[in-house]
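Structure file protein_32.csv (CSV, C-alpha atoms) is printed below.
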chain,number,residue,atom,x,y,z
W,1,MET,CA,9.3,-25.7,-18.6
W,2,ALA,CA,6.8,-23.1,-17.4
W,3,LEU,CA,3.0,-23.1,-17.5
W,4,TRP,CA,1.1,-20.2,-19.0
W,5,ARG,CA,-2.5,-19.2,-19.1
W,6,VAL,CA,-3.8,-18.2,-22.5
W,7,HIS,CA,-7.2,-16.8,-23.5
W,8,VAL,CA,-8.2,-16.9,-27.2
W,9,GLU,CA,-11.3,-15.9,-29.0
W,10,LEU,CA,-12.3,-19.0,-31.0
W,11,GLU,CA,-14.8,-18.8,-33.8
W,12,ASP,CA,-17.5,-21.5,-34.1
W,13,ILE,CA,-16.1,-22.9,-37.4
W,14,PRO,CA,-15.3,-26.5,-38.2
W,15,GLY,CA,-11.6,-27.2,-37.9
W,16,ARG,CA,-10.8,-24.0,-36.0
W,17,LEU,CA,-9.8,-25.9,-32.8
W,18,GLY,CA,-7.4,-28.0,-34.8
W,19,GLU,CA,-5.9,-24.9,-36.3
W,20,LEU,CA,-5.4,-23.5,-32.8
W,21,ALA,CA,-3.6,-26.8,-31.7
W,22,THR,CA,-1.5,-26.7,-34.8
W,23,ALA,CA,-0.4,-23.0,-34.1
W,24,VAL,CA,0.5,-23.9,-30.5
W,25,GLY,CA,2.5,-26.9,-31.7
W,26,VAL,CA,4.3,-24.7,-34.4
W,27,ALA,CA,5.5,-22.5,-31.5
W,28,GLY,CA,7.0,-25.5,-29.8
W,29,CYS,CA,4.5,-25.6,-27.0
W,30,ASN,CA,1.9,-28.1,-25.7
W,31,ILE,CA,-1.7,-27.6,-24.7
W,32,ILE,CA,-2.3,-29.2,-21.3
W,33,SER,CA,-5.9,-28.3,-20.8
W,34,LEU,CA,-8.7,-26.2,-22.5
W,35,HIS,CA,-12.1,-25.1,-21.3
W,36,VAL,CA,-14.6,-22.4,-22.1
W,37,VAL,CA,-14.6,-19.4,-19.8
W,38,GLY,CA,-16.6,-16.8,-21.8
W,39,GLU,CA,-20.1,-16.7,-23.3
W,40,PRO,CA,-20.6,-16.7,-27.1
W,41,ALA,CA,-20.3,-13.4,-28.9
W,42,ASP,CA,-22.7,-12.3,-31.7
W,43,ASP,CA,-20.6,-14.1,-34.2
W,44,GLY,CA,-20.5,-17.3,-32.2
W,45,ALA,CA,-16.9,-17.0,-30.9
W,46,VAL,CA,-16.2,-18.0,-27.4
W,47,THR,CA,-13.4,-17.3,-25.0
W,48,ASP,CA,-11.4,-20.4,-24.4
W,49,GLU,CA,-8.8,-20.7,-21.6
W,50,LEU,CA,-5.7,-22.8,-22.4
W,51,LEU,CA,-3.1,-23.9,-20.0
W,52,VAL,CA,0.0,-24.2,-22.2
W,53,ARG,CA,3.4,-25.7,-21.3
W,54,VAL,CA,6.1,-23.5,-22.7
W,55,PRO,CA,9.6,-25.2,-22.8
W,56,ASP,CA,12.6,-23.3,-21.5
W,57,GLY,CA,14.2,-21.2,-24.2
W,58,ILE,CA,10.9,-20.4,-25.9
W,59,ASN,CA,9.6,-16.8,-25.5
W,60,PRO,CA,5.9,-17.0,-24.6
W,61,ALA,CA,5.4,-14.0,-26.9
W,62,ASP,CA,6.3,-16.2,-29.8
W,63,LEU,CA,3.3,-18.4,-28.8
W,64,VAL,CA,1.0,-15.5,-29.0
W,65,THR,CA,2.5,-14.5,-32.4
W,66,ALA,CA,1.9,-18.1,-33.8
W,67,VAL,CA,-1.7,-18.2,-32.6
W,68,GLU,CA,-2.5,-14.7,-34.0
W,69,GLN,CA,-0.9,-15.6,-37.3
W,70,ALA,CA,-3.5,-18.3,-37.5
W,71,GLY,CA,-6.2,-15.6,-37.3
W,72,ILE,CA,-7.1,-16.4,-33.7
W,73,PRO,CA,-7.1,-13.4,-31.4
W,74,CYS,CA,-5.2,-13.9,-28.2
W,75,THR,CA,-6.5,-11.7,-25.3
W,76,LEU,CA,-4.5,-12.9,-22.3
W,77,LEU,CA,-1.1,-14.3,-21.5
W,78,VAL,CA,-0.2,-14.7,-17.8
W,79,ARG,CA,1.9,-17.2,-15.8
W,80,ALA,CA,0.0,-20.1,-14.3
W,81,ASP,CA,0.7,-22.6,-11.5
W,82,VAL,CA,0.8,-26.4,-11.7
W,83,THR,CA,-1.8,-26.6,-9.0
W,84,GLU,CA,-4.3,-25.3,-11.6
W,85,LEU,CA,-4.2,-28.5,-13.6
W,86,SER,CA,-7.0,-30.0,-11.6
W,87,ASP,CA,-10.3,-30.7,-13.5
W,88,PRO,CA,-12.5,-27.5,-13.2
W,89,ALA,CA,-15.7,-29.6,-12.8
W,90,THR,CA,-14.2,-31.8,-10.1
W,91,THR,CA,-12.9,-28.7,-8.3
W,92,ALA,CA,-16.3,-27.0,-8.4
W,93,LEU,CA,-18.1,-30.1,-7.0
W,94,ALA,CA,-15.5,-30.3,-4.2
W,95,LEU,CA,-16.0,-26.7,-3.4
W,96,ALA,CA,-19.8,-27.0,-3.4
W,97,ARG,CA,-19.5,-29.9,-0.9
W,98,MET,CA,-17.3,-27.7,1.3
W,99,VAL,CA,-20.0,-24.9,1.1
W,100,VAL,CA,-22.8,-27.3,2.0
W,101,ALA,CA,-20.8,-28.5,5.1
W,102,ASP,CA,-19.9,-24.9,6.0
W,103,PRO,CA,-21.7,-22.0,4.3
W,104,GLY,CA,-19.4,-19.6,5.9
W,105,SER,CA,-16.6,-20.9,3.7
W,106,ALA,CA,-18.4,-19.7,0.5
W,107,PRO,CA,-16.3,-16.5,0.0
W,108,ARG,CA,-13.1,-18.6,0.2
W,109,ALA,CA,-14.6,-21.3,-2.1
W,110,VAL,CA,-15.5,-18.7,-4.7
W,111,ALA,CA,-12.0,-17.2,-4.7
W,112,THR,CA,-10.5,-20.7,-5.1
W,113,MET,CA,-12.8,-21.5,-8.0
W,114,LEU,CA,-12.0,-18.3,-9.8
W,115,ARG,CA,-8.2,-18.5,-9.1
W,116,ALA,CA,-8.6,-15.1,-7.3
W,117,ARG,CA,-8.1,-13.7,-3.9
W,118,LEU,CA,-10.4,-12.0,-1.5
W,119,VAL,CA,-9.7,-8.2,-1.5
W,120,ASP,CA,-10.0,-6.3,1.8
W,121,PRO,CA,-10.3,-2.6,1.0
W,122,GLY,CA,-9.5,-1.8,4.6
W,123,ALA,CA,-6.2,-3.7,4.6
W,124,PRO,CA,-3.4,-1.1,5.1
W,125,GLY,CA,-0.5,-1.1,2.6
W,126,THR,CA,-2.1,-3.7,0.3
W,127,ALA,CA,-2.5,-2.8,-3.3
W,128,ASP,CA,-5.5,-4.0,-5.2
W,129,PRO,CA,-5.0,-6.5,-8.0
W,130,PRO,CA,-5.3,-5.2,-11.6
W,131,HIS,CA,-8.9,-6.6,-11.8
W,132,VAL,CA,-11.3,-6.4,-8.9
W,133,HIS,CA,-15.0,-7.4,-9.0
W,134,GLY,CA,-17.7,-7.2,-6.3
W,135,LEU,CA,-20.3,-9.9,-5.9
W,136,ARG,CA,-23.4,-9.9,-3.7
W,137,VAL,CA,-26.0,-12.7,-3.4
W,138,GLY,CA,-28.4,-12.3,-0.4
W,139,ALA,CA,-26.3,-11.5,2.7
W,140,HIS,CA,-23.0,-12.4,1.0
W,141,GLN,CA,-20.9,-9.6,-0.4
W,142,LEU,CA,-17.3,-9.8,-1.3
W,143,ARG,CA,-14.6,-8.4,-3.6
W,144,LEU,CA,-12.5,-10.6,-5.7
W,145,GLY,CA,-9.2,-9.7,-7.4
W,146,ARG,CA,-6.8,-11.3,-9.8
W,147,ALA,CA,-4.3,-10.4,-12.6
W,148,TRP,CA,-6.7,-10.9,-15.5
W,149,PRO,CA,-10.4,-9.9,-16.2
W,150,PHE,CA,-13.4,-11.9,-15.0
W,151,THR,CA,-15.8,-13.2,-17.5
W,152,ALA,CA,-19.6,-13.2,-17.2
W,153,THR,CA,-19.6,-17.0,-17.2
W,154,GLU,CA,-17.2,-17.2,-14.3
W,155,LEU,CA,-19.1,-14.7,-12.3
W,156,SER,CA,-22.4,-16.5,-12.8
W,157,ARG,CA,-20.7,-19.7,-11.5
W,158,ALA,CA,-19.5,-17.8,-8.5
W,159,ALA,CA,-23.0,-16.4,-7.9
W,160,ALA,CA,-24.4,-19.9,-8.0
W,161,LEU,CA,-22.0,-21.0,-5.3
W,162,LEU,CA,-22.9,-18.0,-3.1
W,163,ASP,CA,-26.6,-18.6,-3.7
W,164,LEU,CA,-26.1,-22.2,-2.5
W,165,ALA,CA,-24.6,-21.0,0.7
W,166,ALA,CA,-27.4,-18.5,1.2
W,167,GLN,CA,-30.1,-21.1,0.7
W,168,ILE,CA,-28.5,-23.5,3.2
W,169,GLU,CA,-28.1,-20.7,5.8
W,170,LEU,CA,-31.7,-19.7,5.2
W,171,ARG,CA,-32.8,-23.2,6.1
W,172,GLY,CA,-30.6,-23.2,9.2
W,173,ALA,CA,-29.0,-26.4,8.0
W,174,THR,CA,-25.7,-25.8,9.9
W,175,ARG,CA,-26.8,-23.6,12.8
W,176,SER,CA,-27.7,-26.5,15.1
W,177,PRO,CA,-27.2,-25.6,18.7
W,178,ASP,CA,-25.8,-29.0,19.5
W,179,GLU,CA,-23.5,-30.4,16.8
W,180,ARG,CA,-22.5,-30.0,13.1
W,181,THR,CA,-20.0,-31.4,10.7
W,182,MET,CA,-17.5,-29.2,9.0
W,183,LEU,CA,-15.6,-30.1,5.8
W,184,LEU,CA,-12.2,-28.5,5.6
W,185,PRO,CA,-10.6,-27.4,2.4
W,186,ASP,CA,-8.3,-30.4,2.3
W,187,GLY,CA,-11.3,-32.8,2.3
W,188,SER,CA,-11.1,-33.9,6.0
W,189,GLU,CA,-14.1,-33.6,8.3
W,190,VAL,CA,-14.4,-32.5,11.9
W,191,ARG,CA,-17.3,-32.5,14.3
W,192,LEU,CA,-18.1,-29.2,16.1
W,193,ARG,CA,-20.2,-29.0,19.3
W,194,PRO,CA,-20.2,-27.0,22.5
W,195,ALA,CA,-17.8,-28.2,25.1
W,196,ALA,CA,-19.1,-29.5,28.5
W,197,PRO,CA,-17.5,-30.2,31.8
W,198,SER,CA,-17.3,-33.9,30.9
W,199,ASP,CA,-15.0,-32.9,28.0
W,200,ALA,CA,-12.2,-32.0,30.4
W,201,PRO,CA,-10.2,-35.1,29.6
W,202,LEU,CA,-10.4,-34.5,25.9
W,203,VAL,CA,-9.3,-30.9,26.3
W,204,GLY,CA,-6.4,-32.0,28.6
W,205,ALA,CA,-5.3,-34.5,25.9
W,206,LEU,CA,-5.5,-31.8,23.2
W,207,HIS,CA,-3.3,-29.5,25.3
W,208,ALA,CA,-0.8,-32.3,25.9
W,209,VAL,CA,-0.3,-33.1,22.2
W,210,CYS,CA,0.3,-29.4,21.3
W,211,SER,CA,3.9,-28.3,20.9
W,212,PRO,CA,5.4,-25.7,23.3
W,213,GLN,CA,5.2,-23.1,20.5
W,214,THR,CA,1.5,-23.8,20.0
W,215,ARG,CA,0.8,-23.6,23.7
W,216,ARG,CA,2.7,-20.4,24.0
W,217,SER,CA,0.7,-18.8,21.2
W,218,ARG,CA,-2.6,-19.7,22.9
W,219,PHE,CA,-1.7,-19.2,26.5
W,220,LEU,CA,1.3,-16.8,26.2
W,221,SER,CA,3.4,-19.4,27.9
W,222,PRO,CA,4.5,-23.0,27.1
W,223,THR,CA,2.9,-24.4,30.2
W,224,SER,CA,3.1,-28.2,30.0
W,225,ARG,CA,0.2,-28.9,32.4
W,226,LEU,CA,-3.1,-27.3,33.2
W,227,THR,CA,-4.4,-27.0,36.7
W,228,PRO,CA,-7.9,-28.4,37.4
W,229,ASP,CA,-9.2,-24.9,37.6
W,230,GLU,CA,-7.7,-23.9,34.3
W,231,LEU,CA,-9.1,-27.0,32.6
W,232,ALA,CA,-12.6,-26.2,34.0
W,233,GLY,CA,-12.3,-22.7,32.6
W,234,LEU,CA,-11.5,-24.1,29.1
W,235,VAL,CA,-14.6,-26.2,28.8
W,236,GLY,CA,-16.9,-23.2,29.6
W,237,ARG,CA,-18.3,-21.8,32.8
W,238,ASP,CA,-20.0,-18.7,34.3
W,239,GLY,CA,-21.7,-17.9,31.0
W,240,ASP,CA,-18.6,-18.3,28.8
W,241,VAL,CA,-18.7,-20.6,25.8
W,242,ALA,CA,-16.3,-23.1,24.4
W,243,VAL,CA,-16.6,-24.9,21.0
W,244,LEU,CA,-14.8,-28.2,20.6
W,245,ALA,CA,-13.6,-29.6,17.3
W,246,LEU,CA,-13.4,-33.4,17.2
W,247,THR,CA,-12.2,-36.0,14.8
W,248,SER,CA,-15.0,-37.5,12.6
W,249,ASP,CA,-15.4,-40.4,15.0
W,250,GLY,CA,-15.6,-38.1,18.0
W,251,GLY,CA,-12.7,-39.9,19.7
W,252,SER,CA,-10.2,-37.0,19.9
W,253,ALA,CA,-10.3,-33.3,20.3
W,254,VAL,CA,-8.3,-31.4,17.6
W,255,ALA,CA,-9.1,-27.8,18.4
W,256,LEU,CA,-10.9,-25.6,20.9
W,257,ALA,CA,-12.3,-22.1,20.7
W,258,ASN,CA,-13.2,-20.1,23.8
W,259,ILE,CA,-15.4,-17.0,24.0
W,260,GLU,CA,-15.2,-15.2,27.3
W,261,ARG,CA,-17.5,-12.2,27.9
W,262,GLU,CA,-15.8,-8.9,29.0
W,263,ILE,CA,-17.3,-5.6,30.0
W,264,ASP,CA,-18.8,-3.0,27.6
W,265,GLY,CA,-20.3,-5.6,25.2
W,266,ALA,CA,-17.0,-7.2,24.2
W,267,ALA,CA,-15.7,-10.8,24.3
W,268,CYS,CA,-12.3,-12.3,24.3
W,269,VAL,CA,-11.7,-15.1,21.8
W,270,ALA,CA,-8.9,-17.6,21.9
W,271,VAL,CA,-8.3,-20.7,19.6
W,272,LEU,CA,-6.1,-23.7,20.2
W,273,VAL,CA,-5.5,-26.0,17.2
W,274,ALA,CA,-3.4,-29.2,17.4
W,275,ASP,CA,-0.2,-28.9,15.4
W,276,ALA,CA,-1.2,-31.7,13.0
W,277,TRP,CA,-4.4,-29.9,12.2
W,278,GLN,CA,-2.9,-26.4,11.6
W,279,GLY,CA,-2.8,-24.9,8.2
W,280,ARG,CA,-6.0,-26.6,7.1
W,281,GLY,CA,-8.5,-23.7,7.7
W,282,LEU,CA,-9.7,-25.1,11.1
W,283,GLY,CA,-8.6,-22.1,13.2
W,284,THR,CA,-10.2,-19.7,10.7
W,285,ALA,CA,-13.5,-21.7,10.8
W,286,LEU,CA,-13.6,-21.7,14.6
W,287,LEU,CA,-12.9,-18.0,14.8
W,288,ARG,CA,-15.7,-17.3,12.3
W,289,MET,CA,-18.0,-19.5,14.4
W,290,ALA,CA,-17.0,-17.6,17.5
W,291,ALA,CA,-17.7,-14.2,15.8
W,292,GLU,CA,-21.1,-15.5,14.6
W,293,TYR,CA,-22.0,-16.7,18.1
W,294,ALA,CA,-20.8,-13.4,19.7
W,295,THR,CA,-22.9,-11.4,17.2
W,296,ASP,CA,-26.0,-13.5,18.0
W,297,GLN,CA,-25.5,-12.8,21.7
W,298,GLY,CA,-25.4,-9.0,21.1
W,299,ILE,CA,-21.6,-8.7,21.6
W,300,THR,CA,-20.3,-5.8,19.5
W,301,GLU,CA,-16.6,-6.4,19.6
W,302,ILE,CA,-14.2,-9.4,20.0
W,303,THR,CA,-10.7,-9.2,21.3
W,304,ALA,CA,-7.7,-11.5,21.2
W,305,THR,CA,-4.1,-11.4,22.6
W,306,ALA,CA,-1.0,-12.6,21.0
W,307,ARG,CA,2.8,-12.4,21.3
W,308,THR,CA,4.4,-9.8,19.2
W,309,GLU,CA,6.0,-12.4,17.0
W,310,ASP,CA,2.7,-14.1,16.3
W,311,VAL,CA,1.8,-12.0,13.3
W,312,GLY,CA,-0.2,-14.8,11.7
W,313,ILE,CA,-3.1,-14.2,14.0
W,314,THR,CA,-4.0,-11.0,12.1
W,315,ARG,CA,-4.2,-13.0,8.9
W,316,VAL,CA,-6.5,-15.5,10.6
W,317,PHE,CA,-8.8,-12.7,11.6
W,318,ARG,CA,-9.0,-11.3,8.1
W,319,ARG,CA,-9.6,-14.7,6.6
W,320,ALA,CA,-12.5,-15.1,9.0
W,321,GLY,CA,-14.0,-11.9,7.6
W,322,LEU,CA,-13.0,-9.6,10.4
W,323,ARG,CA,-11.0,-6.4,10.2
W,324,PRO,CA,-8.9,-6.1,13.4
W,325,SER,CA,-6.9,-3.2,14.8
W,326,ALA,CA,-3.8,-3.9,16.8
W,327,GLU,CA,-1.9,-2.3,19.6
W,328,ILE,CA,0.9,-3.4,21.8
W,329,VAL,CA,0.2,-3.3,25.5
W,330,ASP,CA,2.8,-4.4,28.1
W,331,GLY,CA,4.6,-6.4,25.4
W,332,VAL,CA,1.5,-8.2,24.2
W,333,VAL,CA,-0.4,-7.5,21.0
W,334,LEU,CA,-4.1,-6.7,21.6
W,335,LEU,CA,-6.4,-7.3,18.6
W,336,ARG,CA,-9.8,-5.8,18.4
W,337,ALA,CA,-12.5,-6.4,15.7
W,338,SER,CA,-15.9,-4.8,15.5
W,339,LEU,CA,-18.9,-6.9,15.1
W,340,ALA,CA,-21.2,-4.1,13.9
W,341,VAL,CA,-22.2,-5.9,10.7
W,342,PRO,CA,-24.9,-8.6,10.9
W,343,SER,CA,-23.8,-12.2,11.1
W,344,GLY,CA,-23.4,-13.9,7.7
W,345,VAL,CA,-22.3,-10.7,5.9
W,346,TYR,CA,-18.8,-11.0,4.4

Target format structure tokens, applied to this file:
Amino acid sequence: MALWRVHVELEDIPGRLGELATAVGVAGCNIISLHVVGEPADDGAVTDELLVRVPDGINPADLVTAVEQAGIPCTLLVRADVTELSDPATTALALARMVVADPGSAPRAVATMLRARLVDPGAPGTADPPHVHGLRVGAHQLRLGRAWPFTATELSRAAALLDLAAQIELRGATRSPDERTMLLPDGSEVRLRPAAPSDAPLVGALHAVCSPQTRRSRFLSPTSRLTPDELAGLVGRDGDVAVLALTSDGGSAVALANIEREIDGAACVAVLVADAWQGRGLGTALLRMAAEYATDQGITEITATARTEDVGITRVFRRAGLRPSAEIVDGVVLLRASLAVPSGVY
């Protein structure tokens, strides 16, 4: 069986919803969920979104035919994913909680809520989706794209989420110089604070639990042990900054971001994330924090180095709202990203 997204224009007439369900059943399909995604028209009709399970062997076009024969216009038919079966209200509340914990995650939260993706007009070789819409609330500006049109109701919900992030940033709720809590997309929490020399044992333990591949990605070599001098450099010294991510109880370090000043107003950024915490948005969040700090300090460009096979670092830069350029120097990829835009603009 396959899941399909269907949009219908449903009149505000008693029994009309039952006629829709009957038409879907006649086609041999089953409605899994239904909710309103469009505002009422002059005649009272609204756009309803259905997730319909279509059995193997049934042509989805026959579903559209059955619905329209019942006098109900069908305006969209696209494949859907089983991950979309979550309750929209519950999802929206979870995303709002994520934005409260980390306003910088608002663009990603909006894209998740609208089942869309963030569109980067500067990404080479990437075609825009069929439908792209721009949103701006306060300092936030982003472009969203997906395979079907956005409705005014959906865009107003997205604007509300962005406005929430803008209000929190305005109050400075998460820009504490000492510590803050971040909620990751999977619901787990980490504590973020500047690293200090006394954190050397925590950083040493973080390095030890990382796999050789992870250490190679961060240090360009799978070194199994750090010298005392290397460890001292990782917790920040001589004006450099290090941000430590800890478990919610503060007992273990799970990630580390380093910002080292270079000449000509640039800074080198490096992020180390424990293997068990990778793929959860933590590296992206730390890179975004590093970029915000660098901008606040007047730094106009950040750089990073990676092995030629570590192409994923470029995606992390883009997810953090940066647009890196890359060149290979002595067998190592050098990434550069301008910080000309003000902090908080996406």

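Among the candidates W:Leu95, W:Ala27, W:Ala253, W:Ala306, the one nearest to Pro185 (chain W) when counting all atoms listed in the file is W:Leu95.
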
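With all atoms listed in the file as the atoms that count, the minimum distance from Ala109 (chain W) to the choices W:Ile13, W:Ile263, W:Leu183, W:Ile72 is reached by W:Leu183.
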
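Of the residues listed (W:Leu114, W:Val241, W:Leu144, W:Ala66), W:Ala66 shows the shortest atom-to-atom separation from Thr22 (chain W); distances use only C-alpha atoms.
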
Wanna dump the region 135-250 of chain W-region 29-49 of chain W contacts at 7 Å for me, each residue with its shortest atom pair and the distance in Å to one decimal, counting only C-alpha atoms, ordered by chain and number, as a Markdown table?
| residue | atom | partner | partner_atom | distance |
| --- | --- | --- | --- | --- |
| W:Thr151 | CA | W:Gly38 | CA | 5.7 |
| W:Ala152 | CA | W:Gly38 | CA | 6.6 |
| W:Thr153 | CA | W:Gly38 | CA | 5.5 |
| W:Glu154 | CA | W:Val37 | CA | 6.5 |

(message) Which residues are close to Asp102 (chain W), i.e. within 9 Å by only C-alpha atoms, leaving aside same-chain residues fewer than 5 positions away? Reply as a ChimeraX atom specification.
(response) /W:97,165,174,181-184,285

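Among the candidates W:Gly283, W:Gly250, W:Pro107, W:Gly204, the residue lying nearest to Leu231 (chain W) is W:Gly204 (atoms considered: all atoms listed in the file).
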
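Remark: for Val99 (chain W), the closest of the candidate residues W:Val316, W:Ile58, W:Val243, W:Ala158 is W:Ala158 (distances computed over all atoms listed in the file).
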
(message) Please report the interatomic distance between CA of Ala196 (chain W) and CA of Leu246 (chain W) in Å with one decimal.
(response) 13.2 Å

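Between CA of Ile259 (chain W) and CA of Gln297 (chain W) there is a distance of 11.2 Å.
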
Regenerate region 243-263 of chain W at the level of N, CA, C and O atoms and dump it as a compact mmCIF listing (two decimals), in the coordinates of the input.
# COMPACT_ATOMS: atom_id res chain seq x y z
N VAL W 243 -16.21 -24.03 22.17
CA VAL W 243 -16.60 -24.90 21.00
C VAL W 243 -15.46 -25.88 20.81
O VAL W 243 -14.30 -25.48 20.63
N LEU W 244 -15.80 -27.16 20.78
CA LEU W 244 -14.80 -28.20 20.60
C LEU W 244 -14.88 -28.79 19.22
O LEU W 244 -15.96 -29.05 18.70
N ALA W 245 -13.71 -28.98 18.60
CA ALA W 245 -13.60 -29.60 17.30
C ALA W 245 -13.06 -31.04 17.51
O ALA W 245 -11.99 -31.19 18.11
N LEU W 246 -13.78 -32.03 17.04
CA LEU W 246 -13.40 -33.40 17.20
C LEU W 246 -13.14 -34.13 15.92
O LEU W 246 -13.62 -33.69 14.87
N THR W 247 -12.40 -35.21 15.96
CA THR W 247 -12.20 -36.00 14.80
C THR W 247 -13.60 -36.58 14.37
O THR W 247 -14.55 -36.58 15.16
N SER W 248 -13.72 -37.04 13.12
CA SER W 248 -15.00 -37.50 12.60
C SER W 248 -15.65 -38.58 13.44
O SER W 248 -16.87 -38.70 13.50
N ASP W 249 -14.81 -39.39 14.12
CA ASP W 249 -15.40 -40.40 15.00
C ASP W 249 -15.66 -39.96 16.38
O ASP W 249 -16.18 -40.71 17.20
N GLY W 250 -15.33 -38.70 16.66
CA GLY W 250 -15.60 -38.10 18.00
C GLY W 250 -14.66 -38.57 19.06
O GLY W 250 -14.86 -38.23 20.23
N GLY W 251 -13.61 -39.29 18.72
CA GLY W 251 -12.70 -39.90 19.70
C GLY W 251 -11.66 -38.93 20.25
O GLY W 251 -11.16 -39.12 21.36
N SER W 252 -11.27 -37.92 19.47
CA SER W 252 -10.20 -37.00 19.90
C SER W 252 -10.53 -35.59 19.59
O SER W 252 -11.17 -35.28 18.57
N ALA W 253 -10.10 -34.70 20.48
CA ALA W 253 -10.30 -33.30 20.30
C ALA W 253 -9.07 -32.75 19.47
O ALA W 253 -7.92 -33.08 19.77
N VAL W 254 -9.34 -31.96 18.43
CA VAL W 254 -8.30 -31.40 17.60
C VAL W 254 -8.17 -29.90 17.68
O VAL W 254 -7.17 -29.32 17.24
N ALA W 255 -9.18 -29.25 18.23
CA ALA W 255 -9.10 -27.80 18.40
C ALA W 255 -10.19 -27.35 19.36
O ALA W 255 -11.15 -28.07 19.66
N LEU W 256 -9.97 -26.15 19.90
CA LEU W 256 -10.90 -25.60 20.90
C LEU W 256 -10.95 -24.08 20.72
O LEU W 256 -9.91 -23.43 20.57
N ALA W 257 -12.16 -23.53 20.71
CA ALA W 257 -12.30 -22.10 20.70
C ALA W 257 -13.07 -21.64 21.93
O ALA W 257 -14.08 -22.25 22.30
N ASN W 258 -12.55 -20.62 22.59
CA ASN W 258 -13.20 -20.10 23.80
C ASN W 258 -13.64 -18.67 23.59
O ASN W 258 -12.94 -17.86 22.98
N ILE W 259 -14.84 -18.38 24.11
CA ILE W 259 -15.40 -17.00 24.00
C ILE W 259 -15.74 -16.60 25.46
O ILE W 259 -16.64 -17.17 26.09
N GLU W 260 -15.01 -15.63 25.95
CA GLU W 260 -15.20 -15.20 27.30
C GLU W 260 -15.71 -13.74 27.31
O GLU W 260 -15.09 -12.85 26.74
N ARG W 261 -16.86 -13.54 27.91
CA ARG W 261 -17.50 -12.20 27.90
C ARG W 261 -16.61 -11.24 28.76
O ARG W 261 -16.07 -11.60 29.81
N GLU W 262 -16.52 -10.01 28.24
CA GLU W 262 -15.80 -8.90 29.00
C GLU W 262 -16.86 -7.84 29.22
O GLU W 262 -18.04 -7.97 28.89
N ILE W 263 -16.39 -6.75 29.77
CA ILE W 263 -17.30 -5.60 30.00
C ILE W 263 -17.50 -4.82 28.75
O ILE W 263 -16.79 -5.01 27.75
